[in-house]
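Visitor: File name my_file_3.cif; file contents mmCIF, C-alpha atoms; full text below.
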```cif
data_work
loop_
_atom_site.group_PDB
_atom_site.id
_atom_site.type_symbol
_atom_site.label_atom_id
_atom_site.label_comp_id
_atom_site.auth_asym_id
_atom_site.auth_seq_id
_atom_site.Cartn_x
_atom_site.Cartn_y
_atom_site.Cartn_z
ATOM 1 C CA MET A 14 0.000 0.000 0.000
ATOM 2 C CA ASN A 15 1.347 3.465 -0.771
ATOM 3 C CA ARG A 16 0.517 6.794 0.775
ATOM 4 C CA TYR A 17 -2.053 7.615 -1.876
ATOM 5 C CA GLU A 18 -3.929 4.371 -1.307
ATOM 6 C CA PHE A 19 -3.777 4.810 2.475
ATOM 7 C CA ILE A 20 -5.397 8.257 2.316
ATOM 8 C CA GLY A 21 -7.916 7.095 -0.286
ATOM 9 C CA GLU A 22 -9.039 4.158 1.805
ATOM 10 C CA LEU A 23 -9.237 6.325 4.929
ATOM 11 C CA ARG A 24 -11.458 8.811 3.084
ATOM 12 C CA GLY A 25 -13.729 6.027 1.864
ATOM 13 C CA ARG A 26 -14.109 4.536 5.309
ATOM 14 C CA LEU A 27 -14.792 7.887 7.005
ATOM 15 C CA LYS A 28 -17.119 9.340 4.368
ATOM 16 C CA ARG A 29 -20.116 9.311 6.719
ATOM 17 C CA LEU A 30 -18.384 11.599 9.208
ATOM 18 C CA PRO A 31 -18.959 15.370 9.104
ATOM 19 C CA PRO A 32 -16.691 16.797 6.338
ATOM 20 C CA ASP A 33 -14.494 18.812 8.726
ATOM 21 C CA GLU A 34 -13.764 15.733 10.831
ATOM 22 C CA LEU A 35 -12.881 13.739 7.742
ATOM 23 C CA GLN A 36 -10.597 16.560 6.589
ATOM 24 C CA ASP A 37 -8.883 16.729 10.003
ATOM 25 C CA ALA A 38 -8.043 13.048 9.830
ATOM 26 C CA VAL A 39 -6.755 13.298 6.245
ATOM 27 C CA ASN A 40 -4.681 16.392 7.122
ATOM 28 C CA TYR A 41 -3.124 14.598 10.073
ATOM 29 C CA TYR A 42 -1.947 11.668 7.977
ATOM 30 C CA GLU A 43 -0.808 13.868 5.069
ATOM 31 C CA GLU A 44 1.260 15.857 7.553
ATOM 32 C CA TYR A 45 2.537 12.637 9.104
ATOM 33 C CA PHE A 46 3.675 11.233 5.767
ATOM 34 C CA ASP A 47 5.367 14.535 4.911
ATOM 35 C CA GLU A 48 7.229 14.513 8.235
ATOM 36 C CA ALA A 49 8.168 10.873 7.881
ATOM 37 C CA GLY A 50 9.461 11.528 4.379
ATOM 38 C CA ILE A 51 7.016 9.050 2.870
ATOM 39 C CA GLY A 52 6.250 10.027 -0.714
ATOM 40 C CA TYR A 53 3.816 8.738 -3.284
ATOM 41 C CA ASN A 54 5.982 5.853 -4.463
ATOM 42 C CA PRO A 55 4.870 2.394 -3.442
ATOM 43 C CA VAL A 56 6.470 1.735 -0.043
ATOM 44 C CA ASP A 57 6.006 -0.650 2.799
ATOM 45 C CA LEU A 58 3.533 0.998 5.155
ATOM 46 C CA SER A 59 3.196 -1.970 7.495
ATOM 47 C CA ALA A 60 4.769 -0.024 10.382
ATOM 48 C CA VAL A 61 2.206 2.717 9.838
ATOM 49 C CA GLY A 62 -0.765 0.388 10.336
ATOM 50 C CA THR A 63 -3.991 0.128 8.408
ATOM 51 C CA PRO A 64 -6.589 2.767 7.557
ATOM 52 C CA ALA A 65 -9.176 0.164 8.581
ATOM 53 C CA SER A 66 -8.174 0.128 12.237
ATOM 54 C CA VAL A 67 -7.807 3.926 12.365
ATOM 55 C CA ALA A 68 -11.218 4.468 10.750
ATOM 56 C CA SER A 69 -12.888 1.863 12.931
ATOM 57 C CA GLU A 70 -11.599 3.497 16.114
ATOM 58 C CA ILE A 71 -12.691 6.970 14.935
ATOM 59 C CA LEU A 72 -16.197 5.723 14.058
ATOM 60 C CA ALA A 73 -16.544 3.970 17.412
ATOM 61 C CA GLN A 74 -15.455 7.160 19.203
ATOM 62 C CA THR A 75 -17.978 9.144 17.188
ATOM 63 C CA ALA A 76 -20.714 6.746 18.287
ATOM 64 C CA VAL A 77 -19.787 7.127 21.946
ATOM 65 C CA ARG A 78 -19.607 10.907 21.726
ATOM 66 C CA GLN A 79 -22.938 11.068 19.911
ATOM 67 C CA VAL A 80 -24.801 9.444 22.814
ATOM 68 C CA GLU A 81 -22.774 11.226 25.468
ATOM 69 C CA ASN A 82 -23.581 14.646 24.044
ATOM 70 C CA ASN A 83 -27.295 14.003 23.360
ATOM 71 C CA PRO A 84 -28.272 11.084 25.563
ATOM 72 C CA LYS A 85 -32.001 11.840 25.346
ATOM 73 C CA SER A 86 -32.388 12.238 21.600
ATOM 74 C CA PRO A 87 -33.651 9.081 19.861
ATOM 75 C CA ARG A 88 -32.135 10.348 16.593
ATOM 76 C CA SER A 89 -28.635 10.524 18.014
ATOM 77 C CA GLY A 90 -29.184 7.116 19.607
ATOM 78 C CA ILE A 91 -29.943 5.643 16.189
ATOM 79 C CA LEU A 92 -27.016 7.530 14.640
ATOM 80 C CA ALA A 93 -24.704 6.180 17.333
ATOM 81 C CA VAL A 94 -25.837 2.619 16.616
ATOM 82 C CA VAL A 95 -25.211 3.191 12.882
ATOM 83 C CA PHE A 96 -21.681 4.519 13.562
ATOM 84 C CA MET A 97 -20.994 1.627 15.927
ATOM 85 C CA VAL A 98 -22.098 -0.957 13.361
ATOM 86 C CA LEU A 99 -19.922 0.743 10.698
ATOM 87 C CA ALA A 100 -16.991 0.705 13.135
ATOM 88 C CA ILE A 101 -17.467 -3.002 13.809
ATOM 89 C CA LEU A 102 -17.953 -4.023 10.176
ATOM 90 C CA GLY A 103 -14.885 -2.003 9.113
ATOM 91 C CA ALA A 104 -12.700 -3.249 11.953
ATOM 92 C CA PRO A 105 -9.704 -5.433 11.175
ATOM 93 C CA ILE A 106 -11.251 -8.481 12.824
ATOM 94 C CA ALA A 107 -12.492 -11.768 11.363
ATOM 95 C CA LEU A 108 -15.734 -11.315 9.430
ATOM 96 C CA PRO A 109 -17.834 -13.858 11.396
ATOM 97 C CA LEU A 110 -16.815 -12.125 14.619
ATOM 98 C CA ALA A 111 -17.644 -8.710 13.136
ATOM 99 C CA ILE A 112 -21.081 -9.902 11.998
ATOM 100 C CA ALA A 113 -21.786 -11.441 15.396
ATOM 101 C CA LEU A 114 -20.706 -8.258 17.220
ATOM 102 C CA ALA A 115 -22.784 -6.041 14.917
ATOM 103 C CA ALA A 116 -25.783 -8.321 15.459
ATOM 104 C CA VAL A 117 -25.343 -8.101 19.231
ATOM 105 C CA VAL A 118 -25.228 -4.284 19.120
ATOM 106 C CA CYS A 119 -28.291 -4.057 16.869
ATOM 107 C CA SER A 120 -30.344 -6.514 18.910
ATOM 108 C CA LEU A 121 -29.435 -4.810 22.194
ATOM 109 C CA ALA A 122 -30.396 -1.441 20.727
ATOM 110 C CA VAL A 123 -33.663 -2.767 19.278
ATOM 111 C CA ALA A 124 -34.511 -4.511 22.559
ATOM 112 C CA MET A 125 -33.833 -1.274 24.425
ATOM 113 C CA GLY A 126 -36.010 0.648 21.974
ATOM 114 C CA ALA A 127 -38.828 -1.908 22.280
ATOM 115 C CA VAL A 128 -38.779 -1.783 26.080
ATOM 116 C CA ILE A 129 -38.860 2.023 25.982
ATOM 117 C CA LEU A 130 -41.776 2.024 23.518
ATOM 118 C CA ALA A 131 -43.690 -0.543 25.603
ATOM 119 C CA LEU A 132 -43.170 1.515 28.750
ATOM 120 C CA PHE A 133 -44.290 4.607 26.877
ATOM 121 C CA ILE A 134 -47.556 2.941 25.822
ATOM 122 C CA ALA A 135 -48.072 1.516 29.311
ATOM 123 C CA ALA A 136 -47.466 4.941 30.865
ATOM 124 C CA GLY A 137 -49.996 6.506 28.470
ATOM 125 C CA ALA A 138 -52.630 3.851 29.226
ATOM 126 C CA VAL A 139 -52.179 4.072 32.985
ATOM 127 C CA ALA A 140 -52.241 7.861 32.964
ATOM 128 C CA PHE A 141 -55.422 7.825 30.846
ATOM 129 C CA ALA A 142 -57.085 5.365 33.255
ATOM 130 C CA GLY A 143 -55.994 7.584 36.131
ATOM 131 C CA VAL A 144 -57.608 10.661 34.583
ATOM 132 C CA VAL A 145 -60.849 8.722 33.957
ATOM 133 C CA ALA A 146 -60.832 7.482 37.556
ATOM 134 C CA LEU A 147 -60.244 11.040 38.770
ATOM 135 C CA VAL A 148 -63.272 12.322 36.867
ATOM 136 C CA ALA A 149 -65.355 9.429 38.202
ATOM 137 C CA ALA A 150 -64.114 10.185 41.712
ATOM 138 C CA VAL A 151 -65.179 13.834 41.508
ATOM 139 C CA VAL A 152 -68.655 12.778 40.347
ATOM 140 C CA GLN A 153 -68.926 10.058 43.004
ATOM 141 C CA LEU A 154 -67.789 12.387 45.800
ATOM 142 C CA ILE A 155 -71.016 14.344 45.300
ATOM 143 C CA VAL A 156 -73.304 11.307 44.982
ATOM 144 C CA ASP A 157 -71.665 8.911 47.438
ATOM 145 C CA PRO A 158 -68.597 10.227 49.338
ATOM 146 C CA VAL A 159 -67.314 6.767 50.439
ATOM 147 C CA THR A 160 -67.214 5.336 46.889
ATOM 148 C CA GLY A 161 -65.800 8.676 45.823
ATOM 149 C CA ILE A 162 -62.861 8.355 48.171
ATOM 150 C CA VAL A 163 -62.173 4.818 46.912
ATOM 151 C CA PHE A 164 -62.193 6.136 43.345
ATOM 152 C CA LEU A 165 -59.936 8.997 44.319
ATOM 153 C CA GLY A 166 -57.477 6.522 45.817
ATOM 154 C CA ILE A 167 -57.489 4.440 42.634
ATOM 155 C CA ALA A 168 -56.981 7.556 40.515
ATOM 156 C CA LEU A 169 -53.987 8.717 42.561
ATOM 157 C CA LEU A 170 -52.518 5.215 42.509
ATOM 158 C CA LEU A 171 -52.787 5.039 38.711
ATOM 159 C CA LEU A 172 -51.268 8.495 38.250
ATOM 160 C CA GLY A 173 -48.438 7.510 40.590
ATOM 161 C CA ILE A 174 -47.709 4.385 38.544
ATOM 162 C CA GLY A 175 -47.765 6.512 35.388
ATOM 163 C CA ILE A 176 -45.186 8.893 36.833
ATOM 164 C CA MET A 177 -43.059 5.914 37.853
ATOM 165 C CA PHE A 178 -43.151 4.638 34.267
ATOM 166 C CA ILE A 179 -42.078 8.045 32.991
ATOM 167 C CA THR A 180 -39.087 8.056 35.350
ATOM 168 C CA LEU A 181 -38.173 4.590 34.079
ATOM 169 C CA ILE A 182 -38.451 5.754 30.455
ATOM 170 C CA TYR A 183 -36.273 8.761 31.240
ATOM 171 C CA PHE A 184 -33.705 6.546 32.909
ATOM 172 C CA LEU A 185 -33.621 3.994 30.089
ATOM 173 C CA THR A 186 -33.381 6.538 27.261
ATOM 174 C CA SER A 187 -30.669 8.567 28.940
ATOM 175 C CA ARG A 188 -28.626 5.599 30.186
ATOM 176 C CA GLY A 189 -29.657 2.511 28.247
ATOM 177 C CA ILE A 190 -28.478 3.320 24.732
ATOM 178 C CA PRO A 191 -25.247 5.023 25.906
ATOM 179 C CA ALA A 192 -24.512 1.898 27.957
ATOM 180 C CA VAL A 193 -25.104 -0.336 24.926
ATOM 181 C CA ILE A 194 -22.754 1.814 22.822
ATOM 182 C CA LYS A 195 -20.005 1.903 25.438
ATOM 183 C CA ILE A 196 -20.166 -1.841 26.035
ATOM 184 C CA SER A 197 -19.972 -2.412 22.264
ATOM 185 C CA LYS A 198 -16.859 -0.249 22.023
ATOM 186 C CA LYS A 199 -15.187 -2.218 24.799
ATOM 187 C CA LEU A 200 -16.090 -5.486 23.069
ATOM 188 C CA LEU A 201 -14.781 -4.171 19.760
ATOM 189 C CA ASN A 202 -11.470 -3.027 21.254
ATOM 190 C CA LYS A 203 -11.079 -6.368 23.006
ATOM 191 C CA SER A 204 -11.693 -8.316 19.796
ATOM 192 C CA GLU A 205 -9.203 -6.154 17.917
ATOM 193 C CA ARG A 206 -6.526 -6.783 20.526
ATOM 194 C CA GLY A 207 -7.375 -10.476 20.486
ATOM 195 C CA GLU A 208 -6.843 -10.600 16.738
ATOM 196 C CA ALA A 209 -3.521 -8.786 16.966
ATOM 197 C CA VAL A 210 -2.023 -11.273 19.418
ATOM 198 C CA MET B 12 6.894 -7.079 25.033
ATOM 199 C CA ALA B 13 4.699 -9.238 27.250
ATOM 200 C CA PHE B 14 2.846 -6.283 28.777
ATOM 201 C CA GLN B 15 0.456 -4.300 26.634
ATOM 202 C CA LEU B 16 -0.196 -0.669 27.074
ATOM 203 C CA GLY B 17 -3.485 0.819 26.097
ATOM 204 C CA GLY B 18 -6.403 2.892 27.285
ATOM 205 C CA ALA B 19 -5.668 5.115 30.254
ATOM 206 C CA LEU B 20 -1.942 4.370 30.352
ATOM 207 C CA LEU B 21 -1.517 5.331 26.703
ATOM 208 C CA ASP B 22 -3.498 8.534 27.354
ATOM 209 C CA ALA B 23 -1.211 9.270 30.292
ATOM 210 C CA CYS B 24 1.925 8.762 28.179
ATOM 211 C CA VAL B 25 0.626 11.083 25.461
ATOM 212 C CA LEU B 26 -0.265 13.768 28.007
ATOM 213 C CA SER B 27 3.176 13.373 29.563
ATOM 214 C CA VAL B 28 4.914 14.012 26.232
ATOM 215 C CA VAL B 29 2.764 17.097 25.583
ATOM 216 C CA MET B 30 3.342 18.313 29.158
ATOM 217 C CA GLN B 31 7.026 18.739 28.311
ATOM 218 C CA GLU B 32 6.456 20.839 25.212
ATOM 219 C CA ASP B 33 3.937 21.526 22.471
ATOM 220 C CA THR B 34 4.528 19.084 19.705
ATOM 221 C CA TYR B 35 3.107 17.706 16.452
ATOM 222 C CA GLY B 36 1.878 14.293 15.368
ATOM 223 C CA TYR B 37 5.080 12.854 13.974
ATOM 224 C CA VAL B 38 7.343 13.728 16.911
ATOM 225 C CA LEU B 39 4.646 12.770 19.387
ATOM 226 C CA THR B 40 4.303 9.365 17.736
ATOM 227 C CA GLN B 41 8.058 8.767 17.807
ATOM 228 C CA ARG B 42 8.242 9.725 21.473
ATOM 229 C CA VAL B 43 5.389 7.416 22.455
ATOM 230 C CA ARG B 44 6.884 4.637 20.317
ATOM 231 C CA GLU B 45 10.006 4.809 22.484
ATOM 232 C CA ILE B 46 7.892 3.376 25.305
ATOM 233 C CA VAL B 47 5.229 1.336 23.541
ATOM 234 C CA ASP B 48 5.251 -0.753 20.438
ATOM 235 C CA LEU B 49 2.318 0.700 18.507
ATOM 236 C CA SER B 50 1.816 1.260 14.808
ATOM 237 C CA GLU B 51 2.500 4.773 13.598
ATOM 238 C CA SER B 52 -1.093 5.544 12.695
ATOM 239 C CA THR B 53 -2.531 4.594 16.098
ATOM 240 C CA LEU B 54 -2.090 7.928 17.795
ATOM 241 C CA TYR B 55 -4.473 10.042 15.739
ATOM 242 C CA PRO B 56 -7.678 8.587 17.235
ATOM 243 C CA VAL B 57 -6.138 8.952 20.689
ATOM 244 C CA LEU B 58 -5.178 12.607 20.097
ATOM 245 C CA ARG B 59 -8.596 13.290 18.630
ATOM 246 C CA ARG B 60 -10.332 11.860 21.686
ATOM 247 C CA LEU B 61 -8.070 13.748 24.122
ATOM 248 C CA GLN B 62 -8.836 16.900 22.173
ATOM 249 C CA LYS B 63 -12.611 16.307 22.279
ATOM 250 C CA GLU B 64 -12.386 15.669 26.004
ATOM 251 C CA GLY B 65 -10.736 19.065 26.431
ATOM 252 C CA PHE B 66 -7.299 17.820 27.533
ATOM 253 C CA LEU B 67 -5.501 19.049 24.424
ATOM 254 C CA ILE B 68 -5.882 21.951 22.028
ATOM 255 C CA THR B 69 -4.288 22.359 18.628
ATOM 256 C CA TYR B 70 -2.823 25.219 16.662
ATOM 257 C CA ASP B 71 -1.250 25.338 13.233
ATOM 258 C CA GLU B 72 2.168 26.643 12.325
ATOM 259 C CA PRO B 73 3.508 26.933 8.815
ATOM 260 C CA TYR B 74 6.603 24.877 8.112
ATOM 261 C CA GLN B 75 8.300 24.757 4.705
ATOM 262 C CA GLY B 76 5.176 25.780 2.848
ATOM 263 C CA ARG B 77 2.889 23.337 4.604
ATOM 264 C CA ASN B 78 1.253 23.025 7.973
ATOM 265 C CA ARG B 79 2.282 21.510 11.236
ATOM 266 C CA ARG B 80 -0.524 20.956 13.696
ATOM 267 C CA TYR B 81 0.803 21.351 17.213
ATOM 268 C CA TYR B 82 -0.822 19.871 20.288
ATOM 269 C CA ARG B 83 -0.796 21.775 23.551
ATOM 270 C CA ILE B 84 -2.015 20.570 26.939
ATOM 271 C CA THR B 85 -4.818 22.517 28.651
ATOM 272 C CA GLU B 86 -5.145 23.223 32.380
ATOM 273 C CA PHE B 87 -7.803 20.541 32.447
ATOM 274 C CA GLY B 88 -5.359 18.187 30.747
ATOM 275 C CA LYS B 89 -2.681 18.962 33.336
ATOM 276 C CA ASP B 90 -5.119 18.061 36.124
ATOM 277 C CA GLN B 91 -5.928 14.823 34.347
ATOM 278 C CA PHE B 92 -2.229 14.063 33.950
ATOM 279 C CA GLU B 93 -1.630 14.576 37.685
ATOM 280 C CA LYS B 94 -4.525 12.233 38.378
ATOM 281 C CA TYR B 95 -3.027 9.591 36.093
ATOM 282 C CA VAL B 96 0.389 9.903 37.746
ATOM 283 C CA LYS B 97 -1.141 9.394 41.199
ATOM 284 C CA GLU B 98 -3.155 6.395 40.043
ATOM 285 C CA TRP B 99 -0.149 4.910 38.300
ATOM 286 C CA GLN B 100 2.050 5.211 41.394
ATOM 287 C CA ASP B 101 -0.631 3.581 43.467
ATOM 288 C CA TYR B 102 -1.107 0.768 40.948
ATOM 289 C CA LYS B 103 2.636 0.267 40.488
ATOM 290 C CA ALA B 104 3.192 0.018 44.234
ATOM 291 C CA ARG B 105 0.522 -2.642 44.541
ATOM 292 C CA VAL B 106 1.826 -4.691 41.604
ATOM 293 C CA ASP B 107 5.389 -4.402 42.955
ATOM 294 C CA ARG B 108 4.276 -5.696 46.307
ATOM 295 C CA VAL B 109 2.889 -8.856 44.707
ATOM 296 C CA LEU B 110 5.445 -9.423 41.947
ATOM 297 C CA LEU B 111 8.604 -8.560 43.872
ATOM 298 C CA GLY B 112 7.207 -10.326 46.923
ATOM 299 C CA GLY B 113 7.307 -13.504 44.835
ATOM 300 C CA LYS B 114 10.933 -12.848 43.973
ATOM 301 C CA THR B 115 12.205 -12.576 47.569
ATOM 302 C CA GLY B 116 10.406 -15.816 48.406
ATOM 303 C CA GLU B 117 12.435 -17.797 45.844
#
```
Turn the structure described in the file into structure tokens.
Guide:
Amino acid sequence: MNRYEFIGELRGRLKRLPPDELQDAVNYYEEYFDEAGIGYNPVDLSAVGTPASVASEILAQTAVRQVENNPKSPRSGILAVVFMVLAILGAPIALPLAIALAAVVCSLAVAMGAVILALFIAAGAVAFAGVVALVAAVVQLIVDPVTGIVFLGIALLLLGIGIMFITLIYFLTSRGIPAVIKISKKLLNKSERGEAV
Amino acid sequence: MAFQLGGALLDACVLSVVMQEDTYGYVLTQRVREIVDLSESTLYPVLRRLQKEGFLITYDEPYQGRNRRYYRITEFGKDQFEKYVKEWQDYKARVDRVLLGGKTGE
């Protein structure tokens, strides 16, 4: 591989990054090759390493930063998963391992999303039932105060459960996906080191 | 080498080099390669992460008609470096106790 091919492959692998980040990476390696006196002739770049491992690490970092900066945005969660999968599939590890790792990340993310959605629906249903019970309680309090108080208790209980669900949703969205991404990065780095040994 | 260096220890070594003076990618890589056997391209993602975390800042200086991007440590980075040094000393002391303890028992 020569310098030209190294930079070309790096560009290709990082093309989904914001343009300025891609340019920073390219500039760094162009500068490095200039300093090292590596020209455009075909040379042995084995000491330099591969664009694949550099790009994979950058993509994985981007995924982590994406969820750390906007932990509550579902869009950045999805984007982080996409970057993580790209990092894994482009990593210099055996293909079956890469596919398995990518599948693990995707299924964890989908499972997390499904749990969050289910909780969201449950919270909505419980809150709705609570509001209905509250209306019923107000009506009953006039007609029959004892039944009214029972209804009021049920209403407050339901609203309380709803609020509990919302806290859970908040917790899972802000911590769940970031945790999945960070664990994936650890797994990826471990597999890369394993391959290098 | 039997012992691998990565993660926090590599970060600490990079910060240590930049603590001494502002420097650019090539020199930084050579300095770190004196301690650790890593491929020459490895350091960019590390530098990029340290920069995003606010430990390093960069500035450009022209050199022979092209650019050199220098890395400089921030105050935040200096604090982090001190933290790493403390943790390393603590860790080293504990490992020494076990490893060298085995040696005297021979």
Visitor: Running the PyMOL selection byres ((chain A and resi 53) around 9) on this model by hand, what would come out? Give it as a list in words.
Guide: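 Residues picked by the PyMOL selection byres ((chain A and resi 53) around 9): Asn15, Arg16, Tyr17, Ile51, Gly52, Asn54, Pro55 and Val56 of chain A.
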Visitor: For the PyMOL selection byres ((chain B) within 10 of (chain A)), applied here, can you spell out every residue it catches as a ChimeraX atom specification?
Guide: /B:15,17-18,35-38,40,49-57,59-60,63-64,77-80
Visitor: Take the PyMOL selection byres ((chain B and resi 86) around 12), apply it to the structure above, and return the hits as a VMD selection string.
Guide: chain B and resid 26 30 65 to 68 83 to 85 87 to 93
Visitor: Counting all atoms listed in the file, which residue out of B:Arg44, B:Ala104, B:Val96, B:Val109 sits closest to Ala19 (chain B)?
Guide: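 Checking each of B:Arg44, B:Ala104, B:Val96, B:Val109 against Ala19 (chain B), counting all atoms listed in the file, the winner is B:Val96.
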Visitor: Using all atoms listed in the file, which of the listed residues (A:Leu181, A:Ala150, A:Leu200, A:Val123) sits closest to Leu169 (chain A)?
Guide: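 The shortest atom-to-atom distance to Leu169 (chain A) comes from A:Ala150.
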Visitor: May I ask for the distance between CA of Val98 (chain A) and CA of Leu121 (chain A), given in Å to one decimal place?
Guide: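 It comes out at 12.1 Å.
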Visitor: Between CA of Val94 (chain A) and CA of Val118 (chain A), what distance in Å does the model show, to one decimal?
Guide: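 Atom-to-atom, CA of Val94 (chain A) and CA of Val118 (chain A) are spaced 7.4 Å apart.
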Visitor: Using only C-alpha atoms, can you tell me which of A:Leu170, A:Leu165, A:Ile20, A:Ile101 comes closest to Val148 (chain A)?
Guide: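 Of A:Leu170, A:Leu165, A:Ile20, A:Ile101, the one nearest Val148 (chain A), counting only C-alpha atoms, is A:Leu165.
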Visitor: Please return region 99-113 of chain A, rebuilt to N, CA, C and O atoms, as an mmCIF file, keeping the file's coordinate frame.
Guide:
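Output below, filename out20.cif:
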```cif
data_model
loop_
_atom_site.group_PDB
_atom_site.id
_atom_site.type_symbol
_atom_site.label_atom_id
_atom_site.label_comp_id
_atom_site.auth_asym_id
_atom_site.auth_seq_id
_atom_site.Cartn_x
_atom_site.Cartn_y
_atom_site.Cartn_z
ATOM 1 N N LEU A 99 -20.936 0.460 11.725
ATOM 2 C CA LEU A 99 -19.922 0.743 10.698
ATOM 3 C C LEU A 99 -18.523 0.476 11.252
ATOM 4 O O LEU A 99 -17.669 -0.097 10.578
ATOM 5 N N ALA A 100 -18.298 0.904 12.507
ATOM 6 C CA ALA A 100 -16.991 0.705 13.135
ATOM 7 C C ALA A 100 -16.683 -0.783 13.231
ATOM 8 O O ALA A 100 -15.567 -1.211 12.941
ATOM 9 N N ILE A 101 -17.689 -1.561 13.621
ATOM 10 C CA ILE A 101 -17.467 -3.002 13.809
ATOM 11 C C ILE A 101 -17.237 -3.683 12.463
ATOM 12 O O ILE A 101 -16.311 -4.478 12.303
ATOM 13 N N LEU A 102 -18.073 -3.339 11.470
ATOM 14 C CA LEU A 102 -17.953 -4.023 10.176
ATOM 15 C C LEU A 102 -16.649 -3.641 9.468
ATOM 16 O O LEU A 102 -16.118 -4.411 8.682
ATOM 17 N N GLY A 103 -16.129 -2.425 9.755
ATOM 18 C CA GLY A 103 -14.885 -2.003 9.113
ATOM 19 C C GLY A 103 -13.647 -2.379 9.909
ATOM 20 O O GLY A 103 -12.534 -2.130 9.466
ATOM 21 N N ALA A 104 -13.840 -2.963 11.078
ATOM 22 C CA ALA A 104 -12.700 -3.249 11.953
ATOM 23 C C ALA A 104 -11.866 -4.397 11.391
ATOM 24 O O ALA A 104 -12.398 -5.279 10.726
ATOM 25 N N PRO A 105 -10.557 -4.349 11.659
ATOM 26 C CA PRO A 105 -9.704 -5.433 11.175
ATOM 27 C C PRO A 105 -9.835 -6.671 12.055
ATOM 28 O O PRO A 105 -8.897 -7.089 12.705
ATOM 29 N N ILE A 106 -11.033 -7.235 12.089
ATOM 30 C CA ILE A 106 -11.251 -8.481 12.824
ATOM 31 C C ILE A 106 -11.905 -9.471 11.862
ATOM 32 O O ILE A 106 -12.403 -9.070 10.803
ATOM 33 N N ALA A 107 -11.925 -10.734 12.240
ATOM 34 C CA ALA A 107 -12.492 -11.768 11.363
ATOM 35 C C ALA A 107 -13.965 -11.459 11.080
ATOM 36 O O ALA A 107 -14.697 -11.010 11.964
ATOM 37 N N LEU A 108 -14.382 -11.687 9.851
ATOM 38 C CA LEU A 108 -15.734 -11.315 9.430
ATOM 39 C C LEU A 108 -16.829 -11.964 10.281
ATOM 40 O O LEU A 108 -17.768 -11.267 10.689
ATOM 41 N N PRO A 109 -16.759 -13.274 10.577
ATOM 42 C CA PRO A 109 -17.834 -13.858 11.396
ATOM 43 C C PRO A 109 -17.956 -13.158 12.742
ATOM 44 O O PRO A 109 -19.061 -12.903 13.220
ATOM 45 N N LEU A 110 -16.806 -12.819 13.333
ATOM 46 C CA LEU A 110 -16.815 -12.125 14.619
ATOM 47 C C LEU A 110 -17.452 -10.741 14.462
ATOM 48 O O LEU A 110 -18.264 -10.318 15.293
ATOM 49 N N ALA A 111 -17.095 -10.046 13.380
ATOM 50 C CA ALA A 111 -17.644 -8.710 13.136
ATOM 51 C C ALA A 111 -19.160 -8.783 12.982
ATOM 52 O O ALA A 111 -19.891 -7.981 13.565
ATOM 53 N N ILE A 112 -19.638 -9.769 12.213
ATOM 54 C CA ILE A 112 -21.081 -9.902 11.998
ATOM 55 C C ILE A 112 -21.782 -10.202 13.319
ATOM 56 O O ILE A 112 -22.808 -9.602 13.642
ATOM 57 N N ALA A 113 -21.183 -11.093 14.107
ATOM 58 C CA ALA A 113 -21.786 -11.441 15.396
ATOM 59 C C ALA A 113 -21.849 -10.216 16.306
ATOM 60 O O ALA A 113 -22.889 -9.930 16.908
#
```
